[in-house]
>>> print(open('input25.cif').read())   # mmCIF, C-alpha atoms and all ligand atoms
data_final
#
loop_
_atom_site.label_atom_id
_atom_site.label_comp_id
_atom_site.auth_asym_id
_atom_site.auth_seq_id
_atom_site.Cartn_x
_atom_site.Cartn_y
_atom_site.Cartn_z
CA MET A 76 0.00 0.00 0.00
CA ILE A 77 1.50 3.27 -1.07
CA ARG A 78 1.13 6.06 1.44
CA ARG A 79 2.13 9.26 -0.24
CA PHE A 80 0.38 11.67 2.05
CA THR A 81 2.46 11.12 5.12
CA TYR A 82 3.73 14.50 6.29
CA LEU A 83 1.70 16.26 3.62
CA THR A 84 0.82 19.74 4.73
CA ILE A 85 -2.89 20.14 4.46
CA ILE A 86 -5.60 22.52 5.37
CA ALA A 87 -8.15 20.53 7.34
CA MET A 88 -11.34 22.56 7.23
CA VAL A 89 -14.80 22.37 5.85
CA LEU A 90 -16.05 25.48 4.10
CA PHE A 91 -19.72 26.16 3.83
CA GLN A 92 -19.45 29.69 2.56
CA THR A 93 -17.09 31.96 0.72
CA VAL A 94 -13.61 31.87 2.16
CA SER A 95 -10.93 34.50 2.27
CA CYS A 96 -7.35 34.02 1.25
CA SER A 97 -6.04 35.71 4.38
CA PHE A 98 -7.83 33.12 6.50
CA LEU A 99 -6.26 30.40 4.41
CA ASP A 100 -2.86 32.01 4.82
CA GLU A 101 -3.06 31.42 8.53
CA LEU A 102 -3.94 27.76 8.07
CA ALA A 103 -1.69 26.93 5.18
CA TYR A 104 1.20 25.82 7.34
CA LEU A 105 -0.59 23.54 9.74
CA THR A 106 0.97 20.13 9.56
CA LEU A 107 -1.03 17.10 10.52
CA SER A 108 0.39 14.05 12.20
CA PRO A 109 1.39 11.26 9.88
CA PHE A 110 -1.72 9.51 8.63
CA GLU A 111 -2.58 6.41 10.60
CA GLN A 112 -3.42 3.46 8.41
CA ASP A 113 -6.94 2.23 8.81
CA SER A 114 -7.66 -1.01 7.07
CA GLU A 115 -11.41 -0.43 7.00
CA LYS A 116 -11.01 2.93 5.32
CA ASN A 117 -8.38 1.60 2.97
CA GLU A 118 -11.03 -0.62 1.50
CA VAL A 119 -13.29 2.26 0.59
CA SER A 120 -10.80 4.92 -0.34
CA PRO A 121 -10.74 5.80 -4.03
CA TYR A 122 -7.05 6.31 -3.52
CA ASP A 123 -6.65 2.55 -3.22
CA LYS A 124 -6.80 2.63 -6.98
CA ASN A 125 -3.10 3.53 -6.64
CA VAL A 126 -3.22 6.05 -9.44
CA ASP A 127 -0.15 7.14 -11.33
CA PHE A 128 -0.33 10.95 -11.23
CA GLY A 129 3.03 11.40 -12.88
CA PHE A 130 4.73 14.78 -12.68
CA VAL A 131 1.99 17.30 -12.11
CA PRO A 132 2.78 20.87 -13.19
CA SER A 133 1.89 23.66 -10.79
CA THR A 134 1.35 26.22 -13.55
CA TYR A 135 -1.96 27.99 -13.99
CA TYR A 136 -3.93 26.91 -17.03
CA THR A 137 -5.40 29.45 -19.42
CA GLY A 138 -7.54 28.54 -22.41
CA GLN A 139 -5.43 28.42 -25.57
CA GLN A 140 -8.01 29.02 -28.29
CA ASP A 141 -8.21 32.23 -30.32
CA ASP A 142 -11.96 32.00 -30.76
CA TYR A 143 -14.63 31.06 -28.20
CA SER A 144 -17.65 31.91 -30.30
CA PHE A 145 -19.24 28.45 -30.42
CA GLY A 146 -22.26 27.85 -28.20
CA ASN A 147 -25.16 29.85 -26.85
CA ALA A 148 -28.51 29.26 -25.17
CA SER A 149 -30.15 27.82 -28.29
CA THR A 150 -27.33 25.63 -29.62
CA SER A 151 -28.71 22.15 -30.36
CA VAL A 152 -27.44 18.74 -29.32
CA GLN A 153 -26.72 17.97 -32.96
CA GLU A 154 -24.48 21.05 -33.26
CA ILE A 155 -22.70 20.13 -30.03
CA TYR A 156 -22.01 16.58 -31.18
CA GLY A 157 -20.91 17.99 -34.53
CA HIS A 158 -18.25 20.07 -32.80
CA PHE A 159 -17.03 17.21 -30.63
CA ASP A 160 -17.06 14.88 -33.64
CA ARG A 161 -14.71 17.16 -35.52
CA LEU A 162 -12.16 16.71 -32.73
CA ALA A 163 -12.55 12.92 -32.65
CA ASP A 164 -9.65 11.79 -34.78
CA GLY A 165 -10.06 8.06 -34.13
CA SER A 166 -6.73 7.78 -32.33
CA TYR A 167 -6.38 10.14 -29.35
CA MET A 168 -10.10 10.82 -29.29
CA THR A 169 -12.89 8.42 -30.21
CA ARG A 170 -16.69 8.44 -30.04
CA GLU A 171 -18.92 5.64 -28.79
CA GLY A 172 -22.71 5.34 -28.63
CA ILE A 173 -23.98 4.64 -25.10
CA GLY A 174 -27.71 4.15 -25.72
CA ASN A 175 -30.85 6.16 -26.39
CA ALA A 176 -32.19 9.02 -24.30
CA SER A 177 -35.78 9.63 -23.15
CA ASP A 178 -36.51 11.49 -26.38
CA GLY A 179 -35.23 8.55 -28.45
CA SER A 180 -32.07 10.34 -29.54
CA ARG A 181 -28.71 8.60 -29.50
CA MET A 182 -26.30 9.45 -26.67
CA TYR A 183 -22.53 9.48 -27.08
CA MET A 184 -19.40 9.50 -25.01
CA TYR A 185 -15.94 10.57 -26.12
CA ARG A 186 -12.83 8.78 -24.96
CA LEU A 187 -9.48 10.61 -24.81
CA THR A 188 -6.65 8.17 -24.36
CA SER A 189 -3.11 9.02 -23.35
CA PRO A 190 -0.31 6.82 -24.66
CA THR A 191 0.32 3.72 -22.57
CA PRO A 192 3.93 3.76 -21.41
CA SER A 193 5.95 0.81 -22.62
CA PHE A 194 9.12 0.64 -20.59
CA THR A 195 11.66 -2.03 -21.26
CA GLY A 196 13.46 -3.99 -18.61
CA SER A 197 12.43 -3.98 -14.97
CA ALA A 198 12.90 -0.30 -14.20
CA SER A 199 9.28 0.75 -14.53
CA SER A 200 7.76 2.21 -11.39
CA ARG A 201 4.51 2.86 -13.25
CA ARG A 202 3.68 -0.65 -14.29
CA ASP A 203 1.70 -1.60 -11.18
CA LYS A 204 -0.25 1.60 -11.08
CA THR A 205 -3.68 2.53 -12.36
CA LYS A 206 -3.81 5.04 -15.15
CA LEU A 207 -5.30 8.38 -14.21
CA LYS A 208 -8.83 8.34 -15.61
CA ILE A 209 -11.37 11.13 -15.24
CA ILE A 210 -15.06 11.02 -16.17
CA ILE A 211 -16.80 14.32 -16.98
CA ILE A 212 -20.55 14.49 -17.41
CA CYS A 213 -22.27 17.66 -18.64
CA GLY A 214 -25.77 18.88 -19.30
CA GLN A 215 -27.91 16.85 -16.90
CA HIS A 216 -29.87 20.08 -16.59
CA GLY A 217 -30.47 21.02 -20.20
CA PHE A 218 -30.23 24.78 -19.90
CA GLU A 219 -26.90 24.75 -18.07
CA LYS A 220 -24.99 24.82 -21.32
CA SER A 221 -21.78 26.64 -20.48
CA SER A 222 -20.61 23.48 -18.72
CA ILE A 223 -20.78 21.79 -22.11
CA TYR A 224 -18.98 24.63 -23.88
CA GLY A 225 -16.30 24.89 -21.23
CA THR A 226 -15.66 21.17 -21.55
CA TYR A 227 -15.66 21.41 -25.32
CA TYR A 228 -12.96 24.07 -25.31
CA PHE A 229 -10.89 22.16 -22.77
CA VAL A 230 -11.11 19.03 -24.96
CA ARG A 231 -10.27 21.11 -28.00
CA ASP A 232 -7.17 22.43 -26.25
CA LEU A 233 -6.17 18.88 -25.32
CA LYS A 234 -6.63 17.82 -28.91
CA GLU A 235 -5.13 20.76 -30.78
CA ARG A 236 -2.95 22.82 -28.43
CA TYR A 237 -1.41 20.35 -26.05
CA MET A 238 2.15 21.30 -26.93
CA GLU A 239 1.44 24.90 -25.96
CA HIS A 240 0.78 24.54 -22.25
CA GLU A 241 2.30 22.45 -19.46
CA VAL A 242 -1.10 21.49 -18.08
CA LEU A 243 -2.29 20.24 -21.46
CA LYS A 244 0.94 18.32 -22.00
CA TYR A 245 0.50 16.75 -18.59
CA PHE A 246 -3.03 15.55 -19.27
CA ARG A 247 -2.08 14.29 -22.73
CA GLN A 248 0.70 12.26 -21.21
CA TYR A 249 -0.92 10.91 -18.05
CA ALA A 250 -4.72 11.05 -18.21
CA ASP A 251 -7.52 9.25 -19.94
CA PHE A 252 -10.82 11.10 -20.09
CA ILE A 253 -14.34 9.95 -20.70
CA ILE A 254 -16.56 12.86 -21.67
CA ILE A 255 -20.33 12.66 -21.86
CA PRO A 256 -21.22 16.14 -23.13
CA CYS A 257 -25.00 15.81 -23.46
CA ALA A 258 -26.47 13.86 -20.54
CA ASN A 259 -29.94 15.27 -21.19
CA PRO A 260 -30.42 15.77 -24.95
CA TYR A 261 -34.10 16.71 -24.69
CA GLY A 262 -33.41 19.31 -22.02
CA ILE A 263 -30.53 20.76 -24.02
CA ASP A 264 -32.57 21.05 -27.22
CA ASN A 265 -35.52 22.55 -25.40
CA GLN A 266 -33.54 24.72 -22.97
CA ILE A 267 -35.16 23.22 -19.91
CA TYR A 268 -34.06 21.58 -16.68
CA VAL A 269 -35.72 18.15 -17.01
CA ASN A 270 -35.70 15.34 -19.57
CA ALA A 271 -38.48 14.26 -21.98
CA ASN A 272 -40.26 12.45 -19.12
CA GLY A 273 -40.23 15.57 -16.97
CA VAL A 274 -37.58 14.11 -14.65
CA ASN A 275 -34.74 15.99 -13.01
CA LEU A 276 -32.00 13.50 -13.82
CA ASN A 277 -29.89 14.66 -10.92
CA ARG A 278 -32.49 13.32 -8.51
CA ASN A 279 -32.84 9.99 -10.32
CA TRP A 280 -29.47 8.27 -9.71
CA PRO A 281 -29.94 4.90 -7.97
CA VAL A 282 -28.33 5.79 -4.67
CA GLU A 283 -28.80 3.57 -1.66
CA ASN A 284 -32.28 4.07 -0.20
CA TRP A 285 -33.44 6.25 -3.10
CA THR A 286 -36.69 8.07 -2.41
CA SER A 287 -38.85 10.42 -4.42
CA VAL A 288 -39.30 13.98 -3.24
CA GLU A 289 -42.71 14.11 -1.62
CA GLY A 290 -45.33 15.85 -3.70
CA ALA A 291 -43.06 16.50 -6.70
CA LYS A 292 -44.72 15.83 -10.04
CA ALA A 293 -43.35 15.21 -13.53
CA GLY A 294 -42.02 18.42 -15.00
CA GLN A 295 -41.27 19.99 -11.64
CA SER A 296 -37.68 20.68 -10.75
CA GLU A 297 -37.49 18.26 -7.82
CA PHE A 298 -39.23 15.35 -9.56
CA GLY A 299 -36.70 12.51 -9.63
CA GLY A 300 -38.68 9.81 -11.43
CA TYR A 301 -40.73 6.84 -10.17
CA SER A 302 -37.81 4.75 -9.01
CA GLY A 303 -34.07 5.33 -8.68
CA GLY A 304 -32.33 4.90 -12.01
CA ASP A 305 -35.51 4.43 -14.04
CA GLN A 306 -34.55 7.05 -16.65
CA PRO A 307 -32.78 5.97 -19.84
CA GLU A 308 -30.12 8.68 -19.59
CA VAL A 309 -29.22 7.55 -16.07
CA LYS A 310 -29.22 3.89 -17.10
CA ASN A 311 -26.87 4.61 -20.00
CA ILE A 312 -24.40 6.59 -17.93
CA THR A 313 -24.59 4.14 -15.02
CA ARG A 314 -23.40 1.47 -17.44
CA VAL A 315 -20.45 3.67 -18.43
CA LEU A 316 -19.48 4.08 -14.77
CA GLU A 317 -19.74 0.33 -14.17
CA GLU A 318 -17.47 -0.32 -17.13
CA ASN A 319 -14.92 2.22 -15.88
CA LYS A 320 -14.57 1.37 -12.22
CA ASP A 321 -10.89 2.14 -12.48
CA ALA A 322 -11.64 5.86 -12.98
CA LEU A 323 -10.60 8.10 -10.09
CA LEU A 324 -13.03 10.99 -10.43
CA VAL A 325 -16.55 11.57 -11.66
CA LEU A 326 -17.07 15.29 -12.19
CA ASP A 327 -20.69 16.27 -12.77
CA PHE A 328 -20.43 19.63 -14.52
CA HIS A 329 -23.33 22.07 -14.19
CA THR A 330 -23.78 25.80 -14.21
CA ASN A 331 -25.26 27.71 -11.34
CA GLY A 332 -28.70 28.23 -12.94
CA SER A 333 -29.46 29.36 -16.47
CA GLY A 334 -28.53 33.04 -16.35
CA CYS A 335 -25.85 35.35 -15.01
CA VAL A 336 -24.48 34.62 -11.56
CA GLU A 337 -24.01 37.01 -8.66
CA LYS A 338 -20.66 38.10 -7.35
CA GLY A 339 -18.80 35.33 -5.60
CA ARG A 340 -20.81 32.56 -7.30
CA LEU A 341 -18.64 31.77 -10.32
CA ASN A 342 -17.60 28.30 -9.23
CA TRP A 343 -19.80 26.42 -6.80
CA ILE A 344 -18.20 23.13 -5.81
CA SER A 345 -20.51 20.74 -4.05
CA MET A 346 -18.98 17.59 -2.63
CA THR A 347 -20.32 14.48 -1.05
CA LEU A 348 -19.58 14.20 2.63
CA PRO A 349 -15.88 13.49 2.93
CA ASP A 350 -15.69 10.30 4.94
CA ASP A 351 -12.04 9.45 4.73
CA TYR A 352 -8.66 11.07 4.51
CA TYR A 353 -8.52 11.05 0.74
CA ARG A 354 -11.95 12.47 0.16
CA ASN A 355 -11.05 15.16 2.69
CA LEU A 356 -8.21 16.17 0.43
CA LEU A 357 -10.79 17.41 -2.04
CA ILE A 358 -11.54 20.19 0.41
CA ASP A 359 -7.91 21.29 0.17
CA VAL A 360 -8.14 21.04 -3.60
CA GLY A 361 -11.21 23.27 -3.63
CA ASN A 362 -9.67 25.84 -1.30
CA TYR A 363 -6.54 26.19 -3.33
CA HIS A 364 -8.37 26.13 -6.64
CA LEU A 365 -10.84 28.85 -5.65
CA CYS A 366 -8.09 31.19 -4.47
CA ASN A 367 -6.10 30.43 -7.57
CA ILE A 368 -8.92 31.04 -9.99
CA SER A 369 -10.03 34.20 -8.18
CA SER A 370 -6.76 36.04 -8.53
CA ALA A 371 -6.47 34.93 -12.14
CA PHE A 372 -10.04 35.91 -13.05
CA GLU A 373 -9.73 39.31 -11.40
CA ALA A 374 -6.77 39.97 -13.68
CA MET A 375 -8.18 38.37 -16.84
CA TYR A 376 -11.84 39.38 -16.67
CA PRO A 377 -11.89 42.64 -14.66
CA SER A 378 -14.81 44.30 -16.40
CA GLU A 379 -17.01 41.22 -16.14
CA ILE A 380 -16.27 40.66 -12.47
CA GLY A 381 -16.58 44.34 -11.60
CA ASP A 382 -15.52 45.24 -8.10
CA GLU A 383 -15.10 41.64 -7.06
CA THR A 384 -12.38 41.39 -4.50
CA THR A 385 -13.29 38.17 -2.76
CA ILE A 386 -13.16 34.53 -3.74
CA CYS A 387 -15.00 33.82 -6.99
CA GLY A 388 -16.67 30.65 -5.80
CA TYR A 389 -17.59 28.57 -2.79
CA MET A 390 -17.91 25.02 -1.55
CA ASP A 391 -20.63 23.10 0.22
CA GLY A 392 -22.17 19.66 0.19
CA SER A 393 -21.80 18.44 3.73
CA ASP A 394 -25.33 17.08 3.56
CA HIS A 395 -25.01 15.66 0.08
CA PHE A 396 -24.45 12.11 1.16
CA SER A 397 -27.90 12.04 2.66
CA ARG A 398 -29.62 13.71 -0.28
CA THR A 399 -31.24 11.37 -2.71
CA GLY A 400 -30.70 10.84 -6.39
CA TYR A 401 -27.58 12.92 -7.01
CA LEU A 402 -24.99 11.66 -9.46
CA SER A 403 -22.18 12.75 -7.14
CA THR A 404 -23.71 10.73 -4.29
CA TYR A 405 -24.19 7.68 -6.50
CA ALA A 406 -20.64 7.94 -7.81
CA ALA A 407 -19.23 8.24 -4.27
CA GLN A 408 -21.14 5.11 -3.29
CA GLN A 409 -19.51 3.38 -6.25
CA ASN A 410 -16.08 4.31 -4.87
CA PHE A 411 -15.26 7.20 -7.17
CA LEU A 412 -14.14 10.58 -6.00
CA SER A 413 -17.02 12.75 -7.09
CA LEU A 414 -18.40 16.24 -7.03
CA THR A 415 -21.00 18.52 -8.48
CA PHE A 416 -19.00 21.23 -10.19
CA GLU A 417 -20.99 24.33 -11.03
CA GLY A 418 -19.66 26.88 -13.45
CA PHE A 419 -21.79 29.69 -14.79
CA ASN A 420 -23.65 30.89 -17.89
CA GLY A 421 -22.91 34.56 -17.37
CA PHE A 422 -20.55 36.85 -15.45
CA PRO A 423 -22.25 39.29 -13.05
CA ASN A 424 -21.69 42.32 -15.29
CA SER A 425 -22.04 40.95 -18.82
CA PRO A 426 -24.41 38.92 -20.98
CA ALA A 427 -24.79 35.14 -20.76
CA TYR A 428 -22.79 32.97 -23.16
CA SER A 429 -20.19 35.59 -23.97
CA ASP A 430 -16.94 34.24 -25.36
CA ASN A 431 -15.22 34.96 -22.06
CA VAL A 432 -17.83 32.91 -20.19
CA LYS A 433 -16.96 29.85 -22.24
CA LYS A 434 -13.23 30.45 -21.88
CA ALA A 435 -13.64 30.92 -18.12
CA ASN A 436 -15.60 27.69 -17.75
CA CYS A 437 -12.88 25.88 -19.67
CA GLU A 438 -10.34 27.33 -17.24
CA LEU A 439 -12.40 26.44 -14.16
CA LEU A 440 -12.41 22.84 -15.30
CA GLY A 441 -8.77 22.58 -16.36
CA ASN A 442 -7.45 24.28 -13.25
CA TYR A 443 -9.58 22.28 -10.85
CA LEU A 444 -8.40 19.03 -12.42
CA VAL A 445 -4.72 19.87 -12.41
CA VAL A 446 -4.82 21.07 -8.79
CA MET A 447 -6.68 17.89 -7.85
CA CYS A 448 -4.00 15.77 -9.46
CA GLY A 449 -1.31 17.78 -7.71
CA VAL A 450 -2.82 17.50 -4.24
CA LEU A 451 -3.72 13.82 -4.58
CA GLY A 452 -0.34 13.16 -6.12
CA GLY A 453 1.49 14.73 -3.20
CA VAL A 454 2.35 18.22 -4.47
CA THR A 455 2.25 20.74 -1.64
CA TYR A 456 0.63 23.97 -2.69
CA GLN A 457 0.76 27.25 -0.86
CA THR A 458 -2.16 29.61 -1.01
CA PRO A 459 -1.71 31.75 -4.12
ZN ZN B 1 -27.64 21.71 -12.65
#
>>> encode(input="input25.cif", output="structure tokens", more="lines below")
Ligand SMILES: [Zn+2]
Amino acid sequence: MIRRFTYLTIIAMVLFQTVSCSFLDELAYLTLSPFEQDSEKNEVSPYDKNVDFGFVPSTYYTGQQDDYSFGNASTSVQEIYGHFDRLADGSYMTREGIGNASDGSRMYMYRLTSPTPSFTGSASSRRDKTKLKIIIICGQHGFEKSSIYGTYYFVRDLKERYMEHEVLKYFRQYADFIIIPCANPYGIDNQIYVNANGVNLNRNWPVENWTSVEGAKAGQSEFGGYSGGDQPEVKNITRVLEENKDALLVLDFHTNGSGCVEKGRLNWISMTLPDDYYRNLLIDVGNYHLCNISSAFEAMYPSEIGDETTICGYMDGSDHFSRTGYLSTYAAQQNFLSLTFEGFNGFPNSPAYSDNVKKANCELLGNYLVVMCGVLGGVTYQTP
């Protein structure tokens, strides 16, 4: 059993609201005692997948495209697949059908595969490790489309611009991705929250002891279906998760509603209840990431953020483990690291779906992932 977190400096705190960097400064140098091994927890920790994180860069990722004009509120599923398809070259990136949605349309996933190292001789320290694999699911709520566009531009960078940024090079070398861009095709085409059966898919995942929300009816935002996992979209994606149990993380990408967000709401990270040391590390990841992204966004997007001087996002989710039907809860119960990751459709001071919104969502995603790999891989970050 590899224990790479011994002596790791961490910030052990749960944040329910916006945090301040100065507060983090005070806590950044706390050092915990060496982690005590706990055989019971070892069995459930996603870290037991013994992932090869490789050499994680600590550079900040900025989107590398010249043009972020694709995607707005009315962009169709067909157009979205068309854009992803143009990136799928059949070698690094491939497309696979995963079943039909509630409106009868075909659903697809895209697989991005890093080269498998082939060392000769016996000097390979990577051979017994699990490849870093990340699953990203977008668009459960059909009108939260900037999550899809942010992911699209991140994938496009990975495909076309990977030699131009350390973070992209890193992911090309070490990570496999599975991307499901359109989890709710009917909702995306019709710019609504629910699927063709009027179900909020993110209340339908077959978590342990799934229950319906009392009084909720089809078409209403809290209606989660008639039984856990009864919706075709959920069934299709559940199968993908079952076939990829070796994945480390399931990131369920949303946006915080369908319009422009308020100050301080740019990146809402909602986690399942951390119940072991490794899941707790995601709190450190979130803290560092939010500080990191805030200073960068204030410099890059000053007119959109306005007089924002605090952290651009927040974390919560302490009660998530007990809430029914969430993908992040289901994924955690299946031994993935998981979170609901909420970007945004519009900056506080500018229109929804501007080019900068899509670039910023791409950067939220890329930076969260690289910080996660760094923290889980043993890199010690200091508050930016
Ligand atoms: Zn949502």
>>> closest_residue(input="input25.cif", among="A:Thr384, A:Ser378, A:Asn272, A:Asn355", to="Pro426 in chain A", atoms="only C-alpha atoms")
A:Ser378
>>> residues_around(input="input25.cif", residues="Met375 in chain A", least_positions_apart="4", cutoff="12 Å", atoms="all atoms listed in the file", output="list in words")
Thr137, Gly138, Ile368, Ser369, Ser370, Ala371, Glu379, Ile380, Gly381, Asn431, Val432, Lys434, Ala435 and Glu438 of chain A
>>> atom_distance(input="input25.cif", atom1="CA of Asn311 in chain A", atom2="CA of Leu233 in chain A")
25.7 Å
>>> residues_near_ligand(input="input25.cif", ligand="ligand ZN 1 (chain B)", cutoff="10 Å", atoms="all atoms listed in the file", output="list in words")
Cys213, Gly214, Gln215, His216, Gly217, Phe218, Glu219, Lys220, Ser222, Tyr268, Val269, Asn275, Leu276, Asn277, Asp327, Phe328, His329, Thr330, Asn331, Gly332, Ser333, Thr415, Phe416, Glu417 and Gly418 of chain A
>>> axis_aligned_box(input="input25.cif", around="range 165-174 of chain A", padding_each_side="5 Å", output="JSON")
{"center_x": -17.0, "center_y": 7.5, "center_z": -29.6, "size_x": 31.3, "size_y": 16.7, "size_z": 19.0}
>>> closest_residue(input="input25.cif", among="A:Cys387, A:Leu162, A:Ile155, A:Ala406", to="Ala322 in chain A", atoms="only C-alpha atoms")
A:Ala406
>>> residues_around(input="input25.cif", residues="Ile344 in chain A", least_positions_apart="3", cutoff="12 Å", atoms="all atoms listed in the file", output="MDAnalysis selection string")
chainID A and resid 90:93 326:331 340:341 347 357:358 360:362 364:365 387:393 395 403 413:419 439:440 443
>>> atom_distance(input="input25.cif", atom1="CA of Asn342 in chain A", atom2="CA of Met184 in chain A")
24.6 Å
>>> atom_distance(input="input25.cif", atom1="CA of Val131 in chain A", atom2="CA of Val315 in chain A")
27.0 Å
>>> closest_residue(input="input25.cif", among="A:Lys244, A:Gly179, A:Tyr156, A:Ser133", to="Pro459 in chain A", atoms="only C-alpha atoms")
A:Ser133
